[in-house]
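Everything below belongs to final12.txt, which stores compact mmCIF, C-alpha atoms.
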```
# COMPACT_ATOMS: atom_id res chain seq x y z
CA MET A 260 8.27 12.13 -19.63
CA THR A 261 4.84 13.61 -20.24
CA ILE A 262 2.48 12.91 -23.10
CA SER A 263 -0.59 14.86 -24.15
CA GLN A 264 -3.74 12.87 -24.63
CA GLU A 265 -7.40 13.62 -25.09
CA THR A 266 -9.17 11.86 -22.26
CA GLY A 267 -12.38 10.08 -22.89
CA GLY A 268 -11.67 6.59 -24.11
CA VAL A 269 -11.32 4.70 -27.30
CA GLY A 270 -14.06 4.51 -29.87
CA PRO A 271 -17.38 3.17 -28.70
CA ARG A 272 -16.02 0.80 -26.03
CA HIS A 273 -17.18 1.94 -22.61
CA PHE A 274 -18.34 -0.65 -20.11
CA GLY A 275 -20.26 -0.48 -16.88
CA PRO A 276 -22.29 -2.92 -14.83
CA GLY A 277 -25.22 -2.58 -17.21
CA GLY A 278 -23.28 -2.50 -20.47
CA PRO A 279 -22.17 0.54 -22.46
CA VAL A 280 -22.00 3.79 -20.50
CA PRO A 281 -21.96 7.43 -21.65
CA GLN A 282 -18.71 8.97 -22.88
CA PRO A 283 -17.17 11.24 -20.26
CA HIS A 284 -16.37 14.89 -20.78
CA ARG A 285 -13.15 15.16 -22.82
CA VAL A 286 -10.35 17.20 -21.27
CA ALA A 287 -6.71 17.39 -22.33
CA VAL A 288 -4.33 16.05 -19.67
CA SER A 289 -0.60 15.50 -19.44
CA LEU A 290 0.41 11.92 -18.86
CA ASN A 291 3.47 10.61 -17.06
CA ARG A 292 5.12 7.56 -18.55
CA LEU A 293 6.22 4.47 -16.62
CA GLU A 294 8.89 2.83 -18.73
CA PRO A 295 8.60 -0.97 -19.18
CA GLN A 296 9.11 -2.99 -15.98
CA THR A 297 9.14 0.06 -13.69
CA GLY A 298 6.90 1.49 -10.98
CA THR A 299 6.17 4.56 -8.93
CA ALA A 300 4.35 5.74 -5.83
CA PHE A 301 2.58 9.01 -5.03
CA LEU A 302 -0.09 10.60 -2.88
CA LEU A 303 -3.62 10.64 -4.26
CA ARG A 304 -5.86 12.95 -2.29
CA ALA A 305 -9.56 12.28 -1.67
CA GLY A 306 -11.47 13.45 -4.74
CA GLN A 307 -8.48 13.33 -7.09
CA ARG A 308 -8.60 11.00 -10.07
CA LEU A 309 -5.91 8.61 -11.19
CA VAL A 310 -5.97 8.10 -14.96
CA VAL A 311 -4.16 4.95 -16.15
CA VAL A 312 -3.64 4.57 -19.91
CA ASP A 313 -2.24 1.62 -21.85
CA PRO A 314 -0.42 3.54 -24.60
CA PHE A 315 0.44 0.62 -26.89
CA GLY A 316 -2.13 -2.00 -25.85
CA GLU A 317 -1.90 -5.40 -24.13
CA GLN A 318 -0.04 -4.04 -21.08
CA VAL A 319 -0.93 -4.65 -17.43
CA SER A 320 -0.51 -2.08 -14.63
CA ASP A 321 -0.54 -3.24 -11.00
CA PHE A 322 -2.24 -0.87 -8.55
CA PHE A 323 -2.00 -0.96 -4.76
CA ALA A 324 -2.96 1.59 -2.12
CA VAL A 325 -2.80 2.20 1.60
CA MET A 326 -4.51 4.89 3.62
CA ALA A 327 -2.29 7.96 3.90
CA ASP A 328 -3.51 8.69 7.43
CA ASP A 329 -2.92 5.15 8.73
CA ARG A 330 -0.55 3.01 6.72
CA ASP A 331 -1.64 -0.17 8.50
CA GLU A 332 -4.92 0.08 6.57
CA TRP A 333 -4.54 -1.40 3.10
CA MET A 334 -6.46 -2.21 -0.05
CA SER A 335 -8.18 -5.57 0.44
CA SER A 336 -9.03 -7.57 -2.65
CA GLY A 337 -11.04 -9.91 -0.42
CA ARG A 338 -13.26 -7.19 1.08
CA THR A 339 -13.67 -5.67 -2.39
CA ILE A 340 -14.79 -9.02 -3.82
CA ASP A 341 -17.04 -9.70 -0.82
CA TYR A 342 -18.97 -6.47 -1.04
CA ALA A 343 -19.34 -6.55 -4.83
CA ASN A 344 -20.19 -10.26 -4.78
CA SER A 345 -17.94 -10.44 -7.82
CA THR A 346 -14.30 -10.72 -8.80
CA ALA A 347 -14.90 -8.32 -11.69
CA VAL A 348 -13.86 -4.67 -11.48
CA THR A 349 -15.27 -2.02 -13.79
CA THR A 350 -17.01 1.37 -13.75
CA GLY A 351 -18.79 1.79 -10.42
CA SER A 352 -16.68 -0.74 -8.53
CA VAL A 353 -15.50 0.38 -5.09
CA LEU A 354 -12.12 -0.74 -3.74
CA TYR A 355 -12.34 -1.39 0.02
CA SER A 356 -9.70 -1.44 2.73
CA ASN A 357 -9.14 -4.31 5.12
CA ARG A 358 -11.21 -2.26 7.60
CA SER A 359 -14.05 -2.07 5.06
CA ARG A 360 -13.66 1.62 4.28
CA PRO A 361 -14.03 2.74 0.64
CA MET A 362 -10.65 3.72 -0.78
CA ALA A 363 -11.41 4.40 -4.45
CA THR A 364 -14.18 4.13 -7.02
CA VAL A 365 -13.74 3.22 -10.67
CA VAL A 366 -15.22 6.10 -12.65
CA GLU A 367 -14.17 5.14 -16.18
CA ASP A 368 -13.15 1.88 -17.82
CA THR A 369 -12.82 1.53 -21.57
CA CYS A 370 -11.38 -2.00 -21.40
CA GLY A 371 -13.57 -4.13 -19.14
CA HIS A 372 -11.05 -6.81 -18.15
CA HIS A 373 -8.96 -6.44 -14.96
CA ASP A 374 -7.85 -8.80 -12.21
CA LEU A 375 -8.33 -8.85 -8.43
CA LEU A 376 -7.15 -12.40 -7.75
CA LEU A 377 -3.40 -12.40 -8.29
CA THR A 378 -0.46 -10.91 -6.48
CA PRO A 379 2.13 -8.59 -8.05
CA CYS A 380 4.79 -10.62 -9.83
CA SER A 381 7.86 -11.06 -7.62
CA GLN A 382 11.26 -12.67 -7.93
CA GLN A 383 9.67 -15.83 -6.51
CA THR A 384 6.97 -15.67 -9.18
CA PHE A 385 9.67 -15.93 -11.83
CA ASP A 386 11.56 -18.58 -9.86
CA LEU A 387 8.44 -20.74 -9.52
CA LEU A 388 6.48 -20.07 -12.70
CA TYR A 389 9.14 -19.15 -15.30
CA PRO A 390 11.67 -22.04 -15.24
CA GLU A 391 13.20 -20.68 -18.45
CA PHE A 392 14.81 -17.88 -16.41
CA GLU A 393 16.59 -20.47 -14.22
CA GLY A 394 16.27 -18.40 -11.06
CA ALA A 395 18.09 -15.36 -12.49
CA TYR A 396 17.16 -11.88 -11.27
CA HIS A 397 14.08 -10.49 -13.02
CA PRO A 398 12.44 -7.09 -12.56
CA SER A 399 9.08 -7.46 -10.85
CA CYS A 400 6.03 -5.47 -9.86
CA PHE A 401 6.56 -6.47 -6.23
CA GLU A 402 10.11 -5.09 -6.22
CA ASN A 403 8.96 -1.94 -8.03
CA LEU A 404 6.02 -1.39 -5.67
CA SER A 405 8.15 -2.14 -2.59
CA THR A 406 10.91 0.25 -3.62
CA ALA A 407 8.57 3.08 -4.57
CA MET A 408 6.18 2.72 -1.61
CA ALA A 409 9.08 2.46 0.86
CA GLU A 410 9.65 6.16 0.19
CA PHE A 411 6.27 6.71 1.86
CA GLY A 412 7.10 4.49 4.82
CA ILE A 413 5.18 1.45 3.55
CA ASP A 414 6.59 -1.91 4.68
CA PRO A 415 6.83 -4.45 1.82
CA ASP A 416 4.86 -6.92 3.98
CA ARG A 417 1.89 -4.58 3.71
CA ILE A 418 1.67 -5.12 -0.05
CA SER A 419 -1.08 -7.64 -0.65
CA THR A 420 -3.06 -8.73 -3.69
CA THR A 421 -3.08 -5.88 -6.21
CA LEU A 422 -5.68 -4.60 -8.62
CA ASN A 423 -4.09 -5.66 -11.89
CA ILE A 424 -5.44 -3.15 -14.37
CA PHE A 425 -5.84 -4.51 -17.93
CA MET A 426 -4.87 -8.05 -16.75
CA ASN A 427 -7.10 -10.60 -18.42
CA VAL A 428 -7.75 -13.43 -16.00
CA TRP A 429 -10.71 -15.75 -15.77
CA ASN A 430 -11.26 -18.96 -13.94
CA GLU A 431 -13.17 -22.10 -14.71
CA ARG A 432 -15.90 -23.16 -12.32
CA GLY A 433 -13.49 -25.77 -10.96
CA GLY A 434 -11.03 -22.98 -10.10
CA GLU A 435 -8.37 -23.28 -12.81
CA LEU A 436 -7.10 -19.88 -13.92
CA HIS A 437 -6.51 -18.65 -17.43
CA ILE A 438 -4.27 -15.64 -17.99
CA ASP A 439 -5.02 -14.49 -21.52
CA PRO A 440 -3.46 -11.55 -23.41
CA PRO A 441 -4.91 -8.24 -22.23
CA THR A 442 -7.87 -7.07 -24.27
CA SER A 443 -6.69 -3.46 -23.91
CA ARG A 444 -5.94 -1.66 -27.17
CA ALA A 445 -3.65 1.36 -27.57
CA GLY A 446 -5.11 4.29 -25.64
CA GLU A 447 -7.43 2.25 -23.45
CA ARG A 448 -8.18 4.01 -20.13
CA PHE A 449 -9.01 3.13 -16.53
CA VAL A 450 -9.81 5.92 -14.08
CA LEU A 451 -10.15 5.76 -10.29
CA ARG A 452 -11.44 8.47 -7.95
CA ALA A 453 -9.88 8.43 -4.48
CA GLU A 454 -12.44 8.23 -1.66
CA ALA A 455 -9.78 8.96 0.98
CA ASP A 456 -6.20 10.24 1.01
CA LEU A 457 -4.12 7.38 -0.36
CA VAL A 458 -0.54 6.37 -0.91
CA VAL A 459 -0.69 4.68 -4.30
CA GLY A 460 1.78 2.30 -5.93
CA LEU A 461 1.54 1.76 -9.70
CA THR A 462 3.59 -0.28 -12.16
CA ALA A 463 4.10 -1.16 -15.77
CA CYS A 464 3.95 -4.91 -15.18
CA SER A 465 7.19 -6.88 -15.56
CA ALA A 466 5.79 -10.35 -16.29
CA GLU A 467 6.06 -11.36 -19.92
CA LYS A 468 3.25 -13.94 -19.78
CA SER A 469 0.73 -11.38 -18.52
CA ASN A 470 1.49 -8.92 -21.34
CA ASN A 471 1.34 -11.16 -24.41
CA GLY A 472 5.11 -11.63 -24.38
CA VAL A 473 6.35 -8.04 -24.42
CA CYS A 474 6.60 -5.65 -21.44
CA LYS A 475 5.58 -2.15 -22.52
CA PRO A 476 5.09 1.28 -20.87
CA ILE A 477 2.08 2.53 -18.90
CA ASP A 478 0.99 6.18 -18.86
CA TYR A 479 -0.78 7.82 -15.92
CA ALA A 480 -1.92 11.17 -14.62
CA VAL A 481 -3.38 12.58 -11.41
CA GLU A 482 -6.27 14.98 -12.04
CA ASP A 483 -7.84 17.32 -9.48
CA MET B 55 -15.08 -30.26 25.11
CA THR B 56 -13.43 -33.21 23.40
CA ILE B 57 -15.02 -35.77 21.14
CA SER B 58 -13.64 -39.11 20.02
CA GLN B 59 -13.71 -39.78 16.32
CA GLU B 60 -12.18 -42.30 14.00
CA THR B 61 -10.14 -40.29 11.51
CA GLY B 62 -10.21 -41.23 7.90
CA GLY B 63 -13.10 -39.57 6.21
CA VAL B 64 -16.65 -40.29 5.26
CA GLY B 65 -17.61 -43.19 3.04
CA PRO B 66 -16.01 -43.24 -0.37
CA ARG B 67 -15.63 -39.46 -0.84
CA HIS B 68 -11.96 -38.53 -1.00
CA PHE B 69 -10.83 -35.97 -3.52
CA GLY B 70 -7.49 -34.93 -4.88
CA PRO B 71 -6.27 -33.18 -8.00
CA GLY B 72 -6.72 -36.37 -10.00
CA GLY B 73 -10.00 -37.50 -8.50
CA PRO B 74 -10.49 -40.07 -5.73
CA VAL B 75 -7.45 -40.64 -3.51
CA PRO B 76 -6.59 -43.55 -1.18
CA GLN B 77 -8.10 -43.65 2.30
CA PRO B 78 -5.60 -42.56 4.95
CA HIS B 79 -4.57 -44.72 7.91
CA ARG B 80 -7.33 -44.58 10.53
CA VAL B 81 -6.24 -43.47 14.01
CA ALA B 82 -8.43 -42.47 16.94
CA VAL B 83 -8.04 -38.79 17.91
CA SER B 84 -9.66 -36.51 20.44
CA LEU B 85 -11.36 -33.51 18.92
CA ASN B 86 -11.86 -30.11 20.45
CA ARG B 87 -15.16 -28.40 19.76
CA LEU B 88 -15.63 -24.81 18.65
CA GLU B 89 -19.14 -23.86 19.64
CA PRO B 90 -21.23 -22.02 17.01
CA GLN B 91 -19.94 -18.54 16.12
CA THR B 92 -16.71 -18.89 18.11
CA GLY B 93 -13.01 -19.11 17.29
CA THR B 94 -9.64 -20.01 18.73
CA ALA B 95 -5.91 -19.62 18.09
CA PHE B 96 -2.99 -21.93 18.81
CA LEU B 97 0.55 -22.80 17.79
CA LEU B 98 0.94 -25.44 15.09
CA ARG B 99 4.51 -26.66 14.85
CA ALA B 100 6.16 -27.67 11.57
CA GLY B 101 5.15 -31.24 10.82
CA GLN B 102 2.06 -31.20 13.03
CA ARG B 103 -1.33 -31.76 11.43
CA LEU B 104 -4.46 -29.77 11.98
CA VAL B 105 -7.59 -31.88 11.59
CA VAL B 106 -10.78 -29.88 10.97
CA VAL B 107 -14.09 -31.78 11.10
CA ASP B 108 -17.59 -30.58 10.28
CA PRO B 109 -19.52 -32.57 12.89
CA PHE B 110 -23.05 -31.87 11.66
CA GLY B 111 -22.48 -30.91 8.04
CA GLU B 112 -22.92 -27.66 6.04
CA GLN B 113 -20.66 -25.61 8.37
CA VAL B 114 -17.77 -23.38 7.32
CA SER B 115 -14.53 -22.93 9.30
CA ASP B 116 -12.29 -19.94 8.56
CA PHE B 117 -8.54 -20.62 8.79
CA PHE B 118 -5.76 -18.04 8.95
CA ALA B 119 -2.08 -18.34 9.84
CA VAL B 120 1.02 -16.25 10.38
CA MET B 121 4.58 -17.43 10.79
CA ALA B 122 5.38 -17.99 14.46
CA ASP B 123 8.97 -16.77 14.00
CA ASP B 124 7.99 -13.53 12.20
CA ARG B 125 4.45 -12.38 12.66
CA ASP B 126 4.71 -9.90 9.80
CA GLU B 127 4.68 -12.88 7.41
CA TRP B 128 1.14 -14.01 6.77
CA MET B 129 -0.91 -16.47 4.74
CA SER B 130 -1.46 -15.00 1.26
CA SER B 131 -4.48 -16.18 -0.68
CA GLY B 132 -3.06 -14.36 -3.71
CA ARG B 133 0.33 -16.10 -3.67
CA THR B 134 -1.44 -19.41 -3.05
CA ILE B 135 -3.73 -18.86 -6.05
CA ASP B 136 -0.81 -17.66 -8.20
CA TYR B 137 1.39 -20.67 -7.62
CA ALA B 138 -1.44 -23.21 -7.99
CA ASN B 139 -2.84 -21.38 -11.02
CA SER B 140 -6.20 -22.11 -9.41
CA THR B 141 -8.59 -20.78 -6.80
CA ALA B 142 -9.41 -24.35 -5.75
CA VAL B 143 -7.89 -25.89 -2.61
CA THR B 144 -7.81 -29.63 -2.02
CA THR B 145 -5.41 -32.48 -1.20
CA GLY B 146 -1.91 -31.48 -2.28
CA SER B 147 -2.55 -27.73 -2.25
CA VAL B 148 0.17 -25.63 -0.61
CA LEU B 149 -0.71 -22.46 1.29
CA TYR B 150 1.96 -19.80 0.72
CA SER B 151 2.95 -16.75 2.74
CA ASN B 152 3.16 -13.22 1.36
CA ARG B 153 6.91 -13.90 1.09
CA SER B 154 6.21 -17.01 -1.01
CA ARG B 155 7.25 -19.52 1.66
CA PRO B 156 5.15 -22.69 2.06
CA MET B 157 3.14 -22.52 5.29
CA ALA B 158 0.94 -25.63 5.11
CA THR B 159 -0.04 -28.46 2.77
CA VAL B 160 -3.47 -30.02 2.52
CA VAL B 161 -3.00 -33.73 3.20
CA GLU B 162 -6.61 -34.90 3.38
CA ASP B 163 -9.89 -33.48 2.07
CA THR B 164 -13.08 -35.50 2.08
CA CYS B 165 -15.26 -32.58 0.93
CA GLY B 166 -13.64 -30.95 -2.10
CA HIS B 167 -15.22 -27.49 -1.85
CA HIS B 168 -13.45 -24.66 0.00
CA ASP B 169 -12.92 -20.96 -0.62
CA LEU B 170 -9.84 -18.75 -1.01
CA LEU B 171 -11.54 -15.63 -2.36
CA LEU B 172 -13.49 -14.16 0.54
CA THR B 173 -12.57 -12.46 3.78
CA PRO B 174 -13.71 -13.56 7.23
CA CYS B 175 -17.17 -12.19 7.97
CA SER B 176 -16.93 -9.03 10.06
CA GLN B 177 -19.35 -6.60 11.66
CA GLN B 178 -19.14 -4.60 8.43
CA THR B 179 -20.02 -7.71 6.44
CA PHE B 180 -23.29 -7.92 8.33
CA ASP B 181 -23.84 -4.16 8.12
CA LEU B 182 -23.37 -4.18 4.34
CA LEU B 183 -24.69 -7.56 3.24
CA TYR B 184 -27.34 -8.47 5.86
CA PRO B 185 -29.72 -5.48 5.95
CA GLU B 186 -32.15 -7.58 7.98
CA PHE B 187 -29.89 -7.16 11.03
CA GLU B 188 -30.20 -3.36 10.76
CA GLY B 189 -26.62 -2.72 11.86
CA ALA B 190 -26.97 -4.56 15.18
CA TYR B 191 -23.96 -6.32 16.70
CA HIS B 192 -23.37 -9.75 15.19
CA PRO B 193 -20.69 -12.30 16.10
CA SER B 194 -18.17 -12.63 13.28
CA CYS B 195 -15.19 -14.67 12.21
CA PHE B 196 -13.09 -11.52 12.02
CA GLU B 197 -13.85 -10.60 15.62
CA ASN B 198 -13.25 -14.18 16.73
CA LEU B 199 -9.96 -14.44 14.84
CA SER B 200 -8.83 -11.00 16.02
CA THR B 201 -9.58 -11.74 19.67
CA ALA B 202 -7.98 -15.17 19.66
CA MET B 203 -4.90 -14.24 17.61
CA ALA B 204 -4.30 -11.09 19.69
CA GLU B 205 -3.25 -13.44 22.49
CA PHE B 206 -0.31 -14.36 20.25
CA GLY B 207 0.53 -10.75 19.47
CA ILE B 208 -1.13 -10.68 16.06
CA ASP B 209 -2.47 -7.28 15.00
CA PRO B 210 -6.02 -7.46 13.55
CA ASP B 211 -4.75 -5.56 10.47
CA ARG B 212 -2.58 -8.60 9.67
CA ILE B 213 -5.67 -10.78 9.15
CA SER B 214 -6.23 -10.99 5.41
CA THR B 215 -8.30 -13.25 3.16
CA THR B 216 -8.84 -16.55 4.95
CA LEU B 217 -9.01 -20.12 3.74
CA ASN B 218 -12.69 -20.80 4.28
CA ILE B 219 -12.83 -24.53 4.82
CA PHE B 220 -16.08 -26.17 3.61
CA MET B 221 -17.28 -22.83 2.12
CA ASN B 222 -18.90 -23.48 -1.24
CA VAL B 223 -18.15 -20.55 -3.53
CA TRP B 224 -17.88 -20.48 -7.29
CA ASN B 225 -17.82 -17.67 -9.75
CA GLU B 226 -19.16 -17.20 -13.21
CA ARG B 227 -16.73 -16.39 -15.98
CA GLY B 228 -17.92 -12.79 -15.79
CA GLY B 229 -16.92 -12.70 -12.11
CA GLU B 230 -20.25 -12.94 -10.26
CA LEU B 231 -19.96 -15.07 -7.13
CA HIS B 232 -22.30 -17.75 -5.91
CA ILE B 233 -22.18 -18.81 -2.26
CA ASP B 234 -24.04 -22.11 -2.13
CA PRO B 235 -24.71 -24.30 0.92
CA PRO B 236 -21.58 -26.22 1.92
CA THR B 237 -21.38 -29.68 0.38
CA SER B 238 -19.82 -31.03 3.60
CA ARG B 239 -21.77 -33.80 5.30
CA ALA B 240 -21.55 -34.75 8.99
CA GLY B 241 -18.03 -36.00 9.76
CA GLU B 242 -16.39 -34.50 6.67
CA ARG B 243 -12.66 -33.80 7.24
CA PHE B 244 -9.97 -31.40 6.07
CA VAL B 245 -6.39 -31.90 7.26
CA LEU B 246 -3.41 -29.53 6.90
CA ARG B 247 0.23 -30.32 7.66
CA ALA B 248 2.26 -27.31 8.85
CA GLU B 249 5.39 -26.65 6.77
CA ALA B 250 6.69 -24.10 9.29
CA ASP B 251 5.88 -23.10 12.87
CA LEU B 252 2.58 -21.25 12.65
CA VAL B 253 0.18 -19.24 14.76
CA VAL B 254 -3.20 -20.47 13.54
CA GLY B 255 -6.62 -18.90 13.92
CA LEU B 256 -9.70 -21.08 13.37
CA THR B 257 -13.42 -20.42 13.63
CA ALA B 258 -16.85 -21.95 13.44
CA CYS B 259 -18.17 -19.40 10.93
CA SER B 260 -20.74 -16.89 12.16
CA ALA B 261 -22.42 -15.97 8.86
CA GLU B 262 -25.82 -17.55 8.42
CA LYS B 263 -25.82 -17.28 4.61
CA SER B 264 -22.57 -19.24 4.30
CA ASN B 265 -23.86 -22.13 6.43
CA ASN B 266 -27.26 -22.83 4.88
CA GLY B 267 -29.01 -20.68 7.47
CA VAL B 268 -27.78 -22.25 10.73
CA CYS B 269 -24.43 -21.65 12.46
CA LYS B 270 -23.14 -24.93 13.90
CA PRO B 271 -20.00 -26.16 15.72
CA ILE B 272 -16.65 -27.13 14.22
CA ASP B 273 -14.37 -29.81 15.69
CA TYR B 274 -10.60 -29.80 15.40
CA ALA B 275 -7.47 -31.52 16.67
CA VAL B 276 -3.72 -31.03 16.45
CA GLU B 277 -1.84 -34.27 15.76
CA ASP B 278 1.91 -34.81 16.05
```
Mind turning the file's structure into structure tokens?
Amino acid sequence: MTISQETGGVGPRHFGPGGPVPQPHRVAVSLNRLEPQTGTAFLLRAGQRLVVVDPFGEQVSDFFAVMADDRDEWMSSGRTIDYANSTAVTTGSVLYSNRSRPMATVVEDTCGHHDLLLTPCSQQTFDLLYPEFEGAYHPSCFENLSTAMAEFGIDPDRISTTLNIFMNVWNERGGELHIDPPTSRAGERFVLRAEADLVVGLTACSAEKSNNGVCKPIDYAVED
Amino acid sequence: MTISQETGGVGPRHFGPGGPVPQPHRVAVSLNRLEPQTGTAFLLRAGQRLVVVDPFGEQVSDFFAVMADDRDEWMSSGRTIDYANSTAVTTGSVLYSNRSRPMATVVEDTCGHHDLLLTPCSQQTFDLLYPEFEGAYHPSCFENLSTAMAEFGIDPDRISTTLNIFMNVWNERGGELHIDPPTSRAGERFVLRAEADLVVGLTACSAEKSNNGVCKPIDYAVED
């Protein structure tokens, strides 16, 4: 499914390290839709942009990447946090590999709240944190990433902590985490530019608690 | 080098999730010493305890582990944070693998401040964050872990975010990190019980800024 959208963000809300940032050039793009609780994988070449849009609001999208030329080199949340001296990700943030190479740069962010601390939800996440499901099978970002990235030869054990786009997590100074409803509104955008050739995995997150109770679609596009 | 020490912590400072916890039984153990800016690796069998002591105070020790029976299964800071709903680690905390299996449980912690967010310091850490070294070679926890764990067949790319024992990191609600001097005093202890057979890597951290300016030794012992 493809959807036409004017790129360029929602109203006046554009955030960067120093506060509001200029509106980008507006270009029409075609968006692909990830249906609720699904995922995909694809190649993103150096210089290409990945546009991720939350079409209805309050929906998380998990992002993971490995280097296309060496699939043992993977996106490291820890190195990314280290070099930014921050757990926050927004316009200007660079995602680093475990070998400290830049993999992608955030070039647009209309939302301002994303997460680099938590892993993609997995069957065990639901088993341990959602007792109401009583251990029953549940779709998960980990399963969706594993299945999609396996088509590019990526071992599931290579999938580490993801960048959880639009996920609204903060922690108290003592460490306790709070996962609040996403602040993303319908049409909110997050755009990454690849700094190397990447195999990317992307989901419409499957975890009810991360998406204010309802799992919804995610739209995305790759732009040259 | 081995050092005799009475186990059991320092003065009245024992912390757990609910505050002060009872003093453990005191048993004499022999400690091995990691000289400043060095590391080691060893097998830790299920049920064995790893005692880590900061002999002089204000010194970080990076800990990483993989499953001994499948070295593609590794300690996941993200899964550990997820299941605890906290970035804090102290008595009672369980360290999980990327496959959501328990790997180790913290059974004693006299200090109360440790880090699960940051990666082991590497040459690139010094290149990027310590401009005063002008890109010169610097000993690092990543090199020390890689070298020591390679003797057990562990690929350096498997080394992910470490548990940084005695590292004093907190972040503001907006995400900015603060790396303060460790709160550990001389003799402070941190003890893990293995929940599975593990290959463990352990360092006396090499990064001056994490250790209040001076890199010092770390003592450790494996107890049955």
Considering only C-alpha atoms, give me a table of residues in chain B that are at most 8 Å from chain A, with the closest atom pair and distance in Å for each, as CSV.
```
residue,atom,partner,partner_atom,distance
B:Asp126,CA,A:Asp416,CA,6.5
B:Glu127,CA,A:Asp416,CA,6.9
B:Ser130,CA,A:Ser419,CA,7.6
B:Gly132,CA,A:Leu377,CA,5.0
B:Arg133,CA,A:Thr378,CA,6.0
B:Ile135,CA,A:Leu377,CA,6.8
B:Asp136,CA,A:Leu377,CA,5.9
B:Tyr137,CA,A:Leu388,CA,7.2
B:Asn139,CA,A:Leu436,CA,5.4
B:Ser140,CA,A:Glu435,CA,4.2
B:Thr141,CA,A:Gly434,CA,4.7
B:Ala142,CA,A:Gly434,CA,4.8
B:Asn152,CA,A:Asp416,CA,7.0
B:Arg153,CA,A:Asp416,CA,7.8
B:Ser154,CA,A:Gln383,CA,6.6
B:Leu171,CA,A:Gly337,CA,6.1
B:Leu172,CA,A:Gly337,CA,5.0
B:Thr173,CA,A:Gly337,CA,5.1
B:Gln178,CA,A:Ser359,CA,6.6
B:Thr179,CA,A:Tyr342,CA,7.7
B:Leu182,CA,A:Tyr342,CA,7.3
B:Leu183,CA,A:Tyr342,CA,7.2
B:Asp211,CA,A:Asp331,CA,6.5
B:Ser214,CA,A:Asn357,CA,7.3
B:Thr215,CA,A:Gly337,CA,5.6
B:Trp224,CA,A:Arg432,CA,6.0
B:Asn225,CA,A:Arg432,CA,6.4
B:Glu226,CA,A:Arg432,CA,6.9
B:Arg227,CA,A:Trp429,CA,6.1
B:Gly228,CA,A:Ala347,CA,6.8
B:Gly229,CA,A:Thr346,CA,4.7
B:Glu230,CA,A:Ser345,CA,4.2
B:Leu231,CA,A:Ser345,CA,5.1
B:His232,CA,A:Asn344,CA,7.9
```
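Interatomic distance, CA of Leu256 in chain B to CA of Ala204 in chain B: 13.0 Å.
Computed from the coordinates, the CA of Gly316 in chain A to CA of Phe301 in chain A distance equals 24.0 Å.
Distance annotation: of A:Gly394, A:Met408, A:Ala453, A:Ser320, the residue with the minimal separation from Glu482 in chain A is A:Ala453; atom set is all atoms listed in the file.
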For a quick check of your reading of the model, name the residues lying within 10 Å of the coordinate (3.8, -13.6, -19.3), counting only C-alpha atoms, and write them as a PyMOL selection string. chain A and resi 380+385+388-389+438-440+464-474
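Interatomic distance, CA of Val459 in chain A to CA of Leu303 in chain A: 6.6 Å.
Take the candidates B:Arg99, B:Pro90, B:Asp278, B:Phe118 and check each one against Leu199 in chain B using all atoms listed in the file; the shortest distance goes to B:Phe118.
Comparing A:Ala407, A:Ala395, A:Leu354, A:Val366 by their smallest distance to Val458 in chain A, the closest is A:Ala407 (using only C-alpha atoms).
The neighbours of Asp456 in chain A here are the residues that come within 9 Å of it, using all atoms listed in the file and leaving out any residue fewer than 6 positions away in the same chain; they are Leu302, Leu303, Arg304, Ala305, Gly306, Gln307, Val325, Met326, Ala327, Asp328 and Met362 of chain A.
Closest approach to Ser238 in chain B among B:Val148, B:Met221, B:Val276, B:Ala250: B:Met221, based on all atoms listed in the file.
Closest approach to Ala363 in chain A among A:Leu293, A:Ala300, A:Leu422, A:Ile477 is made by A:Leu422 (distances from all atoms listed in the file).
With all atoms listed in the file as the atoms that count, the residue of B:Phe196, B:Tyr274, B:Phe187, B:Phe117 with the shortest distance to Arg243 in chain B is B:Tyr274.
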With 5 Å on each side, where is the centre of the axis-aligned box around all listed atoms of range 264-273 of chain B, and how long are its edges in Å to one decimal, as lines of an AutoDock Vina configuration file?
```
center_x = -21.7
center_y = -24.5
center_z = 10.0
size_x = 24.6
size_y = 20.6
size_z = 21.4
```
Spatial neighbours of Pro314 in chain A, 6 Å, only C-alpha atoms, chain gap at least 2 places, as a PyMOL selection string: chain A and resi 312+316+445-446
Selection to disk with C-alpha atoms, as a short mmCIF file (atom, residue, chain, number, x, y, z; two decimals), in the frame of the given file:
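result06.cif, freshly written:
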```
data_model
loop_
_atom_site.label_atom_id
_atom_site.label_comp_id
_atom_site.auth_asym_id
_atom_site.auth_seq_id
_atom_site.Cartn_x
_atom_site.Cartn_y
_atom_site.Cartn_z
CA VAL A 312 -3.64 4.57 -19.91
CA GLY A 316 -2.13 -2.00 -25.85
CA ALA A 445 -3.65 1.36 -27.57
CA GLY A 446 -5.11 4.29 -25.64
#
```
